[in-house]
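**Student:** Okay, here's the structure, questions in a sec.
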Amino acid sequence: VVNHTSTEHKWFKESCKSVDNPYHDYYIWRKGKGKNGKKPPNNWLSTFEGGAWEYVESVDEYYLHVFTKGQPDLNMDNPKVREEVKNIMKFWLDMGVDGFREDVITYISKKEGLPNGFPIPVACGMEHYNCGPHLYEYLKEFHDDVLSKYDCFTVGEGPLITPEKVLRFVKEDETQVLKTMFSFDHLEADCFMTDWIKTPFSLKKMKKCYQKWYDAMNGKAWHTLYLENHDHPRIVDRYGSYYNYYRQKRTTERFKKKKLMTSSMVIEIIGNKN
């Protein structure tokens with residue numbers, strides 16, 4: 001995860017000490033608005049909990065967190081931060097890892113000026129950082145300076161991303177910066193945009209989504225296929241019945257072992273328990 005760190009990270013603790021601290025610009029800090037600067041810098045909302053800004057008295061500024069307040073966003077516009085990311089990748093690749101799953105990688109570039117977002121009840125402001133203005137530029141830098149020098153595999157997570165945007169990153173030509181990416185829209189077969197807004201399960205909706213991705217990616221790039229991940233309920237309860245677990249499990253295993261589509265890969269997450 002290079003979109004954010006923990007508030008327990010050394011970089012963040014240093015950044016809270018002073019606006020002149022070298023690590024302060026590792027994160028996205030802004031002065032507040034309104035009388036005495038006590039209002040958040042803009043109207044962005046977290047995808048997890050309330051507002052996307054948290055005030056820190058020691059520097060009299062707010063830091064941005066598009067997830068929880070314990071996960072402050074890194075300032076990827078700072079070249080020093082990008083160098084840190086490249087050094088981290090080099091460290092692990094030199095240790096022998098086979099590659100990286102790049103969590104919410106499409107969020108790492110924010111629109112200049114951090115303008116107010118369209119007022120929606122959750123993740124307000126996402127249009128200003130999902131596939132932001134410098135995303136491809138930064139991924140190409142990571143690829144050219146580090147990843148291209150190793151025999152490694154990369155898969156990027158892209159919430160609310162379209163096949164057309166994915167191809168910008170994974171198309172198998174000289175512009176490729178990631179090996180593949182995965183999306184979430186097929187998981188809307190039993191909900192509206194989020195698991196919290198339930199709808200009756202629609203197999204046709206799921207098949208239509210898979211077909212859309214297949215048609216767009218076939219012959220151009222590899223796409224990932226999966227039925228569940230740690231961000232969503234398990235498929236036994238979601239699409240089947242816990243009480244008929246073993247029958248459902250056998251059906252699921254047979255399904256996973258089939259070749260679902262060409263130009264696709266089936267991803268199984270080992271140890272996906274929580």
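We label chains A, B, ... in the order they appear in the structure tokens, count residues from 1 in each chain, and number ligands from 1 in the order shown.
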Determine, for each residue of range 33-61 of chain A having at least one atom at most 10 Å from an atom of range 104-118 of chain A, the closest pair of atoms and their separation in Å to one decimal, counting only C-alpha atoms; order by chain and ascending number, as a tab-separated table.

**Tutor:**
residue	atom	partner	partner_atom	distance
A:Pro41	CA	A:Leu114	CA	8.5
A:Asn42	CA	A:Asn116	CA	5.4
A:Asn43	CA	A:Asn116	CA	5.5
A:Trp44	CA	A:Gly117	CA	6.1
A:Leu45	CA	A:Gly117	CA	8.8

**Student:** May I have the selected residues written with N, CA, C and O atoms, as an mmCIF file, in the first residue's frame?

**Tutor:**
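In the end it all went to selection_33.cif:
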data_model
loop_
_atom_site.group_PDB
_atom_site.id
_atom_site.type_symbol
_atom_site.label_atom_id
_atom_site.label_comp_id
_atom_site.auth_asym_id
_atom_site.auth_seq_id
_atom_site.Cartn_x
_atom_site.Cartn_y
_atom_site.Cartn_z
ATOM 1 N N PRO A 41 -10.302 21.678 5.154
ATOM 2 C CA PRO A 41 -9.881 22.373 3.925
ATOM 3 C C PRO A 41 -10.852 22.234 2.754
ATOM 4 O O PRO A 41 -10.895 23.105 1.886
ATOM 5 N N ASN A 42 -11.579 21.122 2.675
ATOM 6 C CA ASN A 42 -12.614 20.978 1.642
ATOM 7 C C ASN A 42 -13.691 20.027 2.160
ATOM 8 O O ASN A 42 -13.661 19.617 3.327
ATOM 9 N N ASN A 43 -14.624 19.652 1.298
ATOM 10 C CA ASN A 43 -15.766 18.839 1.746
ATOM 11 C C ASN A 43 -15.585 17.349 1.531
ATOM 12 O O ASN A 43 -16.545 16.589 1.592
ATOM 13 N N TRP A 44 -14.367 16.893 1.273
ATOM 14 C CA TRP A 44 -14.146 15.475 0.997
ATOM 15 C C TRP A 44 -14.533 14.615 2.195
ATOM 16 O O TRP A 44 -14.340 15.003 3.363
ATOM 17 N N LEU A 45 -15.058 13.430 1.880
ATOM 18 C CA LEU A 45 -15.425 12.458 2.906
ATOM 19 C C LEU A 45 -14.597 11.194 2.750
ATOM 20 O O LEU A 45 -14.235 10.799 1.636
#

**Student:** Excluding same-chain residues fewer than 5 positions from range 185-199 of chain A, what lies within 6 Å of it counting only C-alpha atoms, as a list in words?

**Tutor:**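 The neighbour list is Lys205, Met206 and Cys209 of chain A.
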
**Student:** Excluding same-chain residues fewer than 5 positions from Gly50 in chain A, what lies within 12 Å of it counting only C-alpha atoms, as a ChimeraX atom specification?

**Tutor:** /A:40,43-45,65-69,120-124

**Student:** So, with only C-alpha atoms as the atoms that count, which of A:Ile235, A:Met76, A:Val1, A:Leu93 lies closest to Lys149 in chain A?

**Tutor:**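 Among the listed residues, A:Leu93 lies closest to Lys149 in chain A.
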
**Student:** Identify, on the basis of only C-alpha atoms, every residue whose closest approach to Val81 in chain A does not exceed 12 Å; exclude the query and any residue fewer than 2 positions from it along the same chain; express the result as a ChimeraX atom specification.

**Tutor:** /A:2-5,11,22-28,73-79,83-88,108,138,142

**Student:** Please produce a file of those selected residues containing N, CA, C and O atoms, as a tab-separated table (two decimals), in the first residue's frame.

**Tutor:**
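Done, and the output landed in part35.tsv:
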chain	number	residue	atom	x	y	z
A	2	VAL	N	0.88	1.99	-1.09
A	2	VAL	CA	1.68	3.22	-1.11
A	2	VAL	C	0.80	4.46	-1.22
A	2	VAL	O	1.31	5.57	-1.36
A	3	ASN	N	-0.52	4.29	-1.12
A	3	ASN	CA	-1.38	5.46	-1.06
A	3	ASN	C	-1.31	6.12	0.31
A	3	ASN	O	-1.48	7.33	0.43
A	4	HIS	N	-1.07	5.32	1.35
A	4	HIS	CA	-1.08	5.86	2.71
A	4	HIS	C	-0.17	5.03	3.61
A	4	HIS	O	0.29	3.96	3.22
A	5	THR	N	0.09	5.54	4.78
A	5	THR	CA	0.80	4.80	5.83
A	5	THR	C	-0.10	4.76	7.06
A	5	THR	O	-1.23	5.25	7.05
A	11	TRP	N	7.51	8.26	9.66
A	11	TRP	CA	7.37	9.44	8.81
A	11	TRP	C	6.25	10.34	9.31
A	11	TRP	O	6.41	11.56	9.37
A	22	PRO	N	11.35	17.85	7.74
A	22	PRO	CA	11.52	17.30	6.39
A	22	PRO	C	10.44	16.31	5.98
A	22	PRO	O	10.16	16.14	4.79
A	23	TYR	N	9.82	15.65	6.97
A	23	TYR	CA	8.79	14.66	6.66
A	23	TYR	C	7.39	15.27	6.56
A	23	TYR	O	6.44	14.57	6.20
A	24	HIS	N	7.27	16.55	6.87
A	24	HIS	CA	5.93	17.15	6.84
A	24	HIS	C	5.31	17.07	5.44
A	24	HIS	O	4.12	16.78	5.29
A	25	ASP	N	6.13	17.29	4.45
A	25	ASP	CA	5.64	17.27	3.07
A	25	ASP	C	5.53	15.85	2.50
A	25	ASP	O	5.23	15.68	1.32
A	26	TYR	N	5.76	14.85	3.34
A	26	TYR	CA	5.52	13.46	2.92
A	26	TYR	C	4.02	13.16	2.90
A	26	TYR	O	3.59	12.16	2.32
A	27	TYR	N	3.25	14.02	3.54
A	27	TYR	CA	1.80	13.82	3.65
A	27	TYR	C	1.07	15.06	3.11
A	27	TYR	O	1.71	16.08	2.81
A	28	ILE	N	-0.22	14.97	3.00
A	28	ILE	CA	-1.02	16.06	2.43
A	28	ILE	C	-1.64	16.86	3.58
A	28	ILE	O	-2.67	16.48	4.15
A	73	ASP	N	-2.89	9.87	3.96
A	73	ASP	CA	-2.44	9.74	2.58
A	73	ASP	C	-1.05	10.33	2.38
A	73	ASP	O	-0.75	11.43	2.87
A	74	LEU	N	-0.24	9.60	1.62
A	74	LEU	CA	1.07	10.11	1.26
A	74	LEU	C	0.95	11.15	0.15
A	74	LEU	O	0.05	11.08	-0.69
A	75	ASN	N	1.89	12.08	0.14
A	75	ASN	CA	1.94	13.11	-0.89
A	75	ASN	C	2.83	12.63	-2.03
A	75	ASN	O	4.03	12.89	-2.05
A	76	MET	N	2.24	11.92	-2.99
A	76	MET	CA	3.03	11.33	-4.06
A	76	MET	C	3.57	12.38	-5.02
A	76	MET	O	4.45	12.08	-5.84
A	77	ASP	N	3.08	13.61	-4.93
A	77	ASP	CA	3.64	14.68	-5.75
A	77	ASP	C	5.04	15.08	-5.28
A	77	ASP	O	5.77	15.76	-6.02
A	78	ASN	N	5.40	14.68	-4.07
A	78	ASN	CA	6.72	14.96	-3.54
A	78	ASN	C	7.71	13.93	-4.09
A	78	ASN	O	7.59	12.73	-3.82
A	79	PRO	N	8.72	14.35	-4.87
A	79	PRO	CA	9.67	13.39	-5.45
A	79	PRO	C	10.38	12.53	-4.41
A	79	PRO	O	10.73	11.38	-4.69
A	83	GLU	N	10.77	8.42	-4.36
A	83	GLU	CA	12.06	7.75	-4.18
A	83	GLU	C	11.99	6.74	-3.04
A	83	GLU	O	12.57	5.65	-3.13
A	84	GLU	N	11.29	7.11	-1.98
A	84	GLU	CA	11.11	6.17	-0.86
A	84	GLU	C	10.38	4.91	-1.34
A	84	GLU	O	10.74	3.78	-0.99
A	85	VAL	N	9.31	5.10	-2.15
A	85	VAL	CA	8.55	3.96	-2.67
A	85	VAL	C	9.44	3.07	-3.52
A	85	VAL	O	9.41	1.84	-3.40
A	86	LYS	N	10.24	3.67	-4.36
A	86	LYS	CA	11.14	2.87	-5.22
A	86	LYS	C	12.17	2.11	-4.39
A	86	LYS	O	12.50	0.95	-4.70
A	87	ASN	N	12.67	2.73	-3.34
A	87	ASN	CA	13.63	2.04	-2.47
A	87	ASN	C	12.98	0.85	-1.75
A	87	ASN	O	13.61	-0.19	-1.55
A	88	ILE	N	11.71	1.03	-1.36
A	88	ILE	CA	10.98	-0.07	-0.71
A	88	ILE	C	10.80	-1.23	-1.68
A	88	ILE	O	11.02	-2.40	-1.33
A	108	ILE	N	-3.37	7.36	-5.87
A	108	ILE	CA	-2.14	7.99	-5.38
A	108	ILE	C	-1.91	9.41	-5.90
A	108	ILE	O	-1.06	10.13	-5.37
A	138	TYR	N	3.37	8.52	-12.57
A	138	TYR	CA	4.05	7.95	-11.41
A	138	TYR	C	4.22	6.43	-11.56
A	138	TYR	O	5.28	5.88	-11.21
A	142	PHE	N	7.77	4.27	-11.55
A	142	PHE	CA	8.04	3.07	-10.76
A	142	PHE	C	8.44	1.90	-11.66
A	142	PHE	O	9.34	1.13	-11.34

**Student:** CA of Lys220 in chain A to CA of Val177 in chain A: how many Å, to one decimal?

**Tutor:** 13.9 Å

**Student:** Which neighbours of Val155 in chain A fall inside 6 Å, counting only C-alpha atoms, when residues of the same chain fewer than 4 positions from it are skipped, and could you give them as a ChimeraX atom specification?

**Tutor:** /A:101,180-181

**Student:** With N, CA and C atoms retained, could you export that selection as an mmCIF file, in the first residue's frame?

**Tutor:**
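Listed below is the output, again16.cif:
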data_model
loop_
_atom_site.group_PDB
_atom_site.id
_atom_site.type_symbol
_atom_site.label_atom_id
_atom_site.label_comp_id
_atom_site.auth_asym_id
_atom_site.auth_seq_id
_atom_site.Cartn_x
_atom_site.Cartn_y
_atom_site.Cartn_z
ATOM 1 N N ARG A 101 1.079 -6.737 -5.034
ATOM 2 C CA ARG A 101 -0.318 -6.363 -5.189
ATOM 3 C C ARG A 101 -0.411 -4.913 -4.749
ATOM 4 N N THR A 180 -1.257 -6.543 -14.675
ATOM 5 C CA THR A 180 -2.707 -6.672 -14.740
ATOM 6 C C THR A 180 -3.331 -5.839 -13.629
ATOM 7 N N MET A 181 -4.664 -5.688 -13.667
ATOM 8 C CA MET A 181 -5.391 -4.990 -12.618
ATOM 9 C C MET A 181 -6.673 -5.744 -12.333
#

**Student:** Could you work out how far CA of Phe184 in chain A lies from CA of Ser202 in chain A, giving the answer in Å with one decimal?

**Tutor:**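 If I compute the distance from CA of Ser202 in chain A to CA of Phe184 in chain A, I get 15.3 Å.
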
**Student:** Extract, using only C-alpha atoms, all DNA, RNA and protein residues at most 9 Å from range 56-58 of chain A, discarding same-chain residues fewer than 5 positions from it, and format them as a list in words.

**Tutor:** Cys16, Lys17, Ser18 and Tyr63 of chain A

**Student:** Let me make sure I understand: among A:Glu172, A:Glu14, A:Asp60, A:Glu164, which one has the smallest atom-to-atom distance to Lys33 in chain A if we use only C-alpha atoms?

**Tutor:**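 Closest residue, counting only C-alpha atoms: A:Asp60.
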
**Student:** Using DSSP on the backbone coordinates, identify the residues of range 42-203 of chain A assigned to helix (DSSP H, G or I); present them as a PyMOL selection string.

**Tutor:** chain A and resi 79-95+105-107+126-128+135-145+147-149+163-170+185-190+203

**Student:** I need the chosen residues saved as a short mmCIF file (atom, residue, chain, number, x, y, z; two decimals), in the first residue's frame, with N, CA and C atoms.

**Tutor:**
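For reference, again02.cif as written:
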data_model
loop_
_atom_site.label_atom_id
_atom_site.label_comp_id
_atom_site.auth_asym_id
_atom_site.auth_seq_id
_atom_site.Cartn_x
_atom_site.Cartn_y
_atom_site.Cartn_z
N PRO A 79 8.72 14.35 -4.87
CA PRO A 79 9.67 13.39 -5.45
C PRO A 79 10.38 12.53 -4.41
N LYS A 80 10.56 13.07 -3.20
CA LYS A 80 11.22 12.29 -2.14
C LYS A 80 10.36 11.09 -1.74
N VAL A 81 9.04 11.25 -1.75
CA VAL A 81 8.15 10.15 -1.42
C VAL A 81 8.24 9.07 -2.49
N ARG A 82 8.27 9.47 -3.75
CA ARG A 82 8.38 8.48 -4.82
C ARG A 82 9.71 7.74 -4.75
N GLU A 83 10.77 8.42 -4.36
CA GLU A 83 12.06 7.75 -4.18
C GLU A 83 11.99 6.74 -3.04
N GLU A 84 11.29 7.11 -1.98
CA GLU A 84 11.11 6.17 -0.86
C GLU A 84 10.38 4.91 -1.34
N VAL A 85 9.31 5.10 -2.15
CA VAL A 85 8.55 3.96 -2.67
C VAL A 85 9.44 3.07 -3.52
N LYS A 86 10.24 3.67 -4.36
CA LYS A 86 11.14 2.87 -5.22
C LYS A 86 12.17 2.11 -4.39
N ASN A 87 12.67 2.73 -3.34
CA ASN A 87 13.63 2.04 -2.47
C ASN A 87 12.98 0.85 -1.75
N ILE A 88 11.71 1.03 -1.36
CA ILE A 88 10.98 -0.07 -0.71
C ILE A 88 10.80 -1.23 -1.68
N MET A 89 10.42 -0.92 -2.92
CA MET A 89 10.25 -1.97 -3.92
C MET A 89 11.57 -2.70 -4.18
N LYS A 90 12.65 -1.94 -4.32
CA LYS A 90 13.95 -2.55 -4.55
C LYS A 90 14.34 -3.47 -3.40
N PHE A 91 14.09 -3.02 -2.18
CA PHE A 91 14.44 -3.83 -1.00
C PHE A 91 13.78 -5.20 -1.07
N TRP A 92 12.46 -5.21 -1.33
CA TRP A 92 11.74 -6.49 -1.31
C TRP A 92 12.05 -7.34 -2.55
N LEU A 93 12.24 -6.70 -3.68
CA LEU A 93 12.60 -7.47 -4.87
C LEU A 93 13.98 -8.09 -4.72
N ASP A 94 14.90 -7.37 -4.11
CA ASP A 94 16.23 -7.93 -3.85
C ASP A 94 16.17 -9.05 -2.82
N MET A 95 15.14 -9.02 -1.97
CA MET A 95 14.95 -10.10 -1.00
C MET A 95 14.36 -11.35 -1.65
N ILE A 105 -4.10 1.55 -5.91
CA ILE A 105 -3.02 2.29 -6.60
C ILE A 105 -3.58 3.44 -7.43
N THR A 106 -4.85 3.35 -7.80
CA THR A 106 -5.44 4.42 -8.61
C THR A 106 -5.74 5.69 -7.81
N TYR A 107 -5.47 5.69 -6.50
CA TYR A 107 -5.76 6.85 -5.66
C TYR A 107 -4.53 7.72 -5.37
N MET A 126 -14.01 11.80 -4.54
CA MET A 126 -13.29 10.73 -5.22
C MET A 126 -12.97 11.06 -6.67
N GLU A 127 -13.81 11.86 -7.31
CA GLU A 127 -13.56 12.21 -8.70
C GLU A 127 -12.27 13.00 -8.88
N HIS A 128 -11.72 13.50 -7.77
CA HIS A 128 -10.49 14.28 -7.84
C HIS A 128 -9.24 13.47 -7.48
N LEU A 135 -1.32 9.90 -12.30
CA LEU A 135 -1.25 8.47 -11.98
C LEU A 135 -0.37 7.71 -12.96
N TYR A 136 -0.64 7.83 -14.24
CA TYR A 136 0.17 7.08 -15.21
C TYR A 136 1.64 7.50 -15.13
N GLU A 137 1.89 8.77 -14.98
CA GLU A 137 3.25 9.29 -14.89
C GLU A 137 4.01 8.62 -13.74
N TYR A 138 3.37 8.52 -12.57
CA TYR A 138 4.05 7.95 -11.41
C TYR A 138 4.22 6.43 -11.56
N LEU A 139 3.22 5.75 -12.11
CA LEU A 139 3.36 4.31 -12.32
C LEU A 139 4.44 4.01 -13.35
N LYS A 140 4.55 4.85 -14.35
CA LYS A 140 5.61 4.65 -15.35
C LYS A 140 6.98 4.86 -14.71
N GLU A 141 7.08 5.83 -13.83
CA GLU A 141 8.34 6.06 -13.12
C GLU A 141 8.72 4.83 -12.29
N PHE A 142 7.77 4.27 -11.55
CA PHE A 142 8.04 3.07 -10.76
C PHE A 142 8.44 1.90 -11.66
N HIS A 143 7.74 1.79 -12.79
CA HIS A 143 8.04 0.70 -13.73
C HIS A 143 9.42 0.87 -14.35
N ASP A 144 9.69 2.04 -14.90
CA ASP A 144 10.94 2.24 -15.63
C ASP A 144 12.16 2.20 -14.71
N ASP A 145 12.03 2.77 -13.51
CA ASP A 145 13.19 2.87 -12.62
C ASP A 145 13.43 1.61 -11.80
N LEU A 147 10.71 -1.71 -11.59
CA LEU A 147 10.06 -2.97 -11.95
C LEU A 147 10.60 -3.57 -13.24
N SER A 148 10.92 -2.73 -14.20
CA SER A 148 11.40 -3.24 -15.49
C SER A 148 12.76 -3.92 -15.38
N LYS A 149 13.45 -3.71 -14.28
CA LYS A 149 14.77 -4.29 -14.09
C LYS A 149 14.73 -5.64 -13.36
N PRO A 163 -12.81 -0.71 -18.03
CA PRO A 163 -11.85 -1.42 -18.89
C PRO A 163 -11.00 -0.47 -19.71
N GLU A 164 -11.59 0.60 -20.19
CA GLU A 164 -10.84 1.55 -21.02
C GLU A 164 -9.69 2.19 -20.23
N LYS A 165 -9.95 2.52 -18.97
CA LYS A 165 -8.89 3.11 -18.14
C LYS A 165 -7.84 2.06 -17.77
N VAL A 166 -8.29 0.83 -17.51
CA VAL A 166 -7.34 -0.23 -17.16
C VAL A 166 -6.35 -0.48 -18.29
N LEU A 167 -6.83 -0.48 -19.51
CA LEU A 167 -5.96 -0.74 -20.66
C LEU A 167 -4.83 0.28 -20.76
N ARG A 168 -5.06 1.47 -20.25
CA ARG A 168 -3.99 2.49 -20.26
C ARG A 168 -2.77 2.01 -19.49
N PHE A 169 -2.98 1.15 -18.51
CA PHE A 169 -1.88 0.70 -17.64
C PHE A 169 -1.37 -0.70 -17.98
N VAL A 170 -2.23 -1.56 -18.54
CA VAL A 170 -1.87 -2.97 -18.66
C VAL A 170 -1.78 -3.48 -20.09
N ASP A 185 -16.60 -4.30 -10.10
CA ASP A 185 -17.98 -4.10 -10.52
C ASP A 185 -18.77 -5.39 -10.65
N HIS A 186 -18.11 -6.54 -10.86
CA HIS A 186 -18.88 -7.79 -10.90
C HIS A 186 -19.46 -8.15 -9.53
N LEU A 187 -18.89 -7.54 -8.46
CA LEU A 187 -19.40 -7.80 -7.12
C LEU A 187 -20.67 -7.00 -6.83
N GLU A 188 -21.13 -6.22 -7.79
CA GLU A 188 -22.38 -5.50 -7.64
C GLU A 188 -23.57 -6.32 -8.13
N ALA A 189 -23.36 -7.62 -8.34
CA ALA A 189 -24.45 -8.48 -8.81
C ALA A 189 -25.55 -8.66 -7.76
N ASP A 190 -25.26 -8.31 -6.50
CA ASP A 190 -26.29 -8.41 -5.46
C ASP A 190 -26.36 -7.15 -4.60
N LEU A 203 -27.57 -13.29 -11.60
CA LEU A 203 -26.52 -13.97 -12.34
C LEU A 203 -26.30 -13.30 -13.70
#

**Student:** Report as an MDAnalysis selection string all protein, DNA and RNA residues lying within 6 Å of Thr154 in chain A, evaluated on only C-alpha atoms, omitting residues in the same chain fewer than 3 positions from it.

**Tutor:** chainID A and resid 99:101 178:179

**Student:** Please write the residues from the selection above to a file, keeping C-alpha atoms, as a tab-separated table (two decimals), in the first residue's frame.

**Tutor:**
chain	number	residue	atom	x	y	z
A	99	GLY	CA	6.04	-8.97	-7.17
A	100	PHE	CA	3.43	-6.73	-5.62
A	101	ARG	CA	-0.32	-6.36	-5.19
A	178	LEU	CA	1.41	-3.00	-14.67
A	179	LYS	CA	0.99	-6.66	-15.56

**Student:** One decimal, Å: what's the distance from CA of Lys208 in chain A over to CA of Gly158 in chain A, could you say?

**Tutor:**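 If I compute the distance from CA of Lys208 in chain A to CA of Gly158 in chain A, I get 19.1 Å.
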
**Student:** So which residues of range 46-121 of chain A fall under strand (DSSP E or B) by DSSP, listed as number ranges by chain?

**Tutor:** A: 51, 53-56, 61-64, 73-74, 99-102

**Student:** Can you write out the residues you just picked, keeping N, CA, C and O atoms, as a tab-separated table (two decimals), in the first residue's frame?

**Tutor:**
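Okay, this is what ended up in again-v2.tsv:
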chain	number	residue	atom	x	y	z
A	51	GLY	N	-15.57	12.57	7.80
A	51	GLY	CA	-14.75	13.45	6.98
A	51	GLY	C	-13.39	12.87	6.65
A	51	GLY	O	-12.89	11.97	7.34
A	53	TRP	N	-10.59	14.62	6.67
A	53	TRP	CA	-9.53	15.46	7.23
A	53	TRP	C	-9.49	15.32	8.75
A	53	TRP	O	-10.53	15.24	9.40
A	54	GLU	N	-8.30	15.33	9.29
A	54	GLU	CA	-8.11	15.25	10.74
A	54	GLU	C	-7.17	16.36	11.18
A	54	GLU	O	-6.08	16.55	10.61
A	55	TYR	N	-7.61	17.09	12.21
A	55	TYR	CA	-6.83	18.23	12.70
A	55	TYR	C	-5.75	17.78	13.67
A	55	TYR	O	-5.97	16.91	14.52
A	56	VAL	N	-4.56	18.39	13.55
A	56	VAL	CA	-3.45	18.12	14.47
A	56	VAL	C	-2.99	19.45	15.05
A	56	VAL	O	-2.51	20.33	14.34
A	61	GLU	N	-2.77	22.24	11.48
A	61	GLU	CA	-3.16	21.89	10.12
A	61	GLU	C	-3.95	20.58	10.13
A	61	GLU	O	-3.95	19.85	11.14
A	62	TYR	N	-4.61	20.31	9.01
A	62	TYR	CA	-5.33	19.07	8.81
A	62	TYR	C	-4.55	18.17	7.87
A	62	TYR	O	-3.93	18.66	6.91
A	63	TYR	N	-4.59	16.85	8.12
A	63	TYR	CA	-4.02	15.91	7.15
A	63	TYR	C	-5.15	15.14	6.47
A	63	TYR	O	-6.21	14.91	7.05
A	64	LEU	N	-4.91	14.76	5.23
A	64	LEU	CA	-5.90	14.06	4.42
A	64	LEU	C	-5.83	12.56	4.66
A	64	LEU	O	-4.75	11.97	4.70
A	73	ASP	N	-2.89	9.87	3.96
A	73	ASP	CA	-2.44	9.74	2.58
A	73	ASP	C	-1.05	10.33	2.38
A	73	ASP	O	-0.75	11.43	2.87
A	74	LEU	N	-0.24	9.60	1.62
A	74	LEU	CA	1.07	10.11	1.26
A	74	LEU	C	0.95	11.15	0.15
A	74	LEU	O	0.05	11.08	-0.69
A	99	GLY	N	6.74	-10.13	-6.67
A	99	GLY	CA	6.04	-8.97	-7.17
A	99	GLY	C	5.18	-8.33	-6.11
A	99	GLY	O	5.35	-8.59	-4.92
A	100	PHE	N	4.22	-7.51	-6.55
A	100	PHE	CA	3.43	-6.73	-5.62
A	100	PHE	C	1.96	-6.68	-6.03
A	100	PHE	O	1.64	-6.57	-7.22
A	101	ARG	N	1.08	-6.74	-5.03
A	101	ARG	CA	-0.32	-6.36	-5.19
A	101	ARG	C	-0.41	-4.91	-4.75
A	101	ARG	O	-0.19	-4.59	-3.59
A	102	GLU	N	-0.72	-4.02	-5.65
A	102	GLU	CA	-0.67	-2.59	-5.38
A	102	GLU	C	-2.06	-2.09	-4.98
A	102	GLU	O	-2.90	-1.80	-5.83

**Student:** Have a look at A:Gly240, A:Gly156, A:Gly219, A:Pro133 and name the one nearest to Phe182 in chain A; count only C-alpha atoms.

**Tutor:** A:Gly156
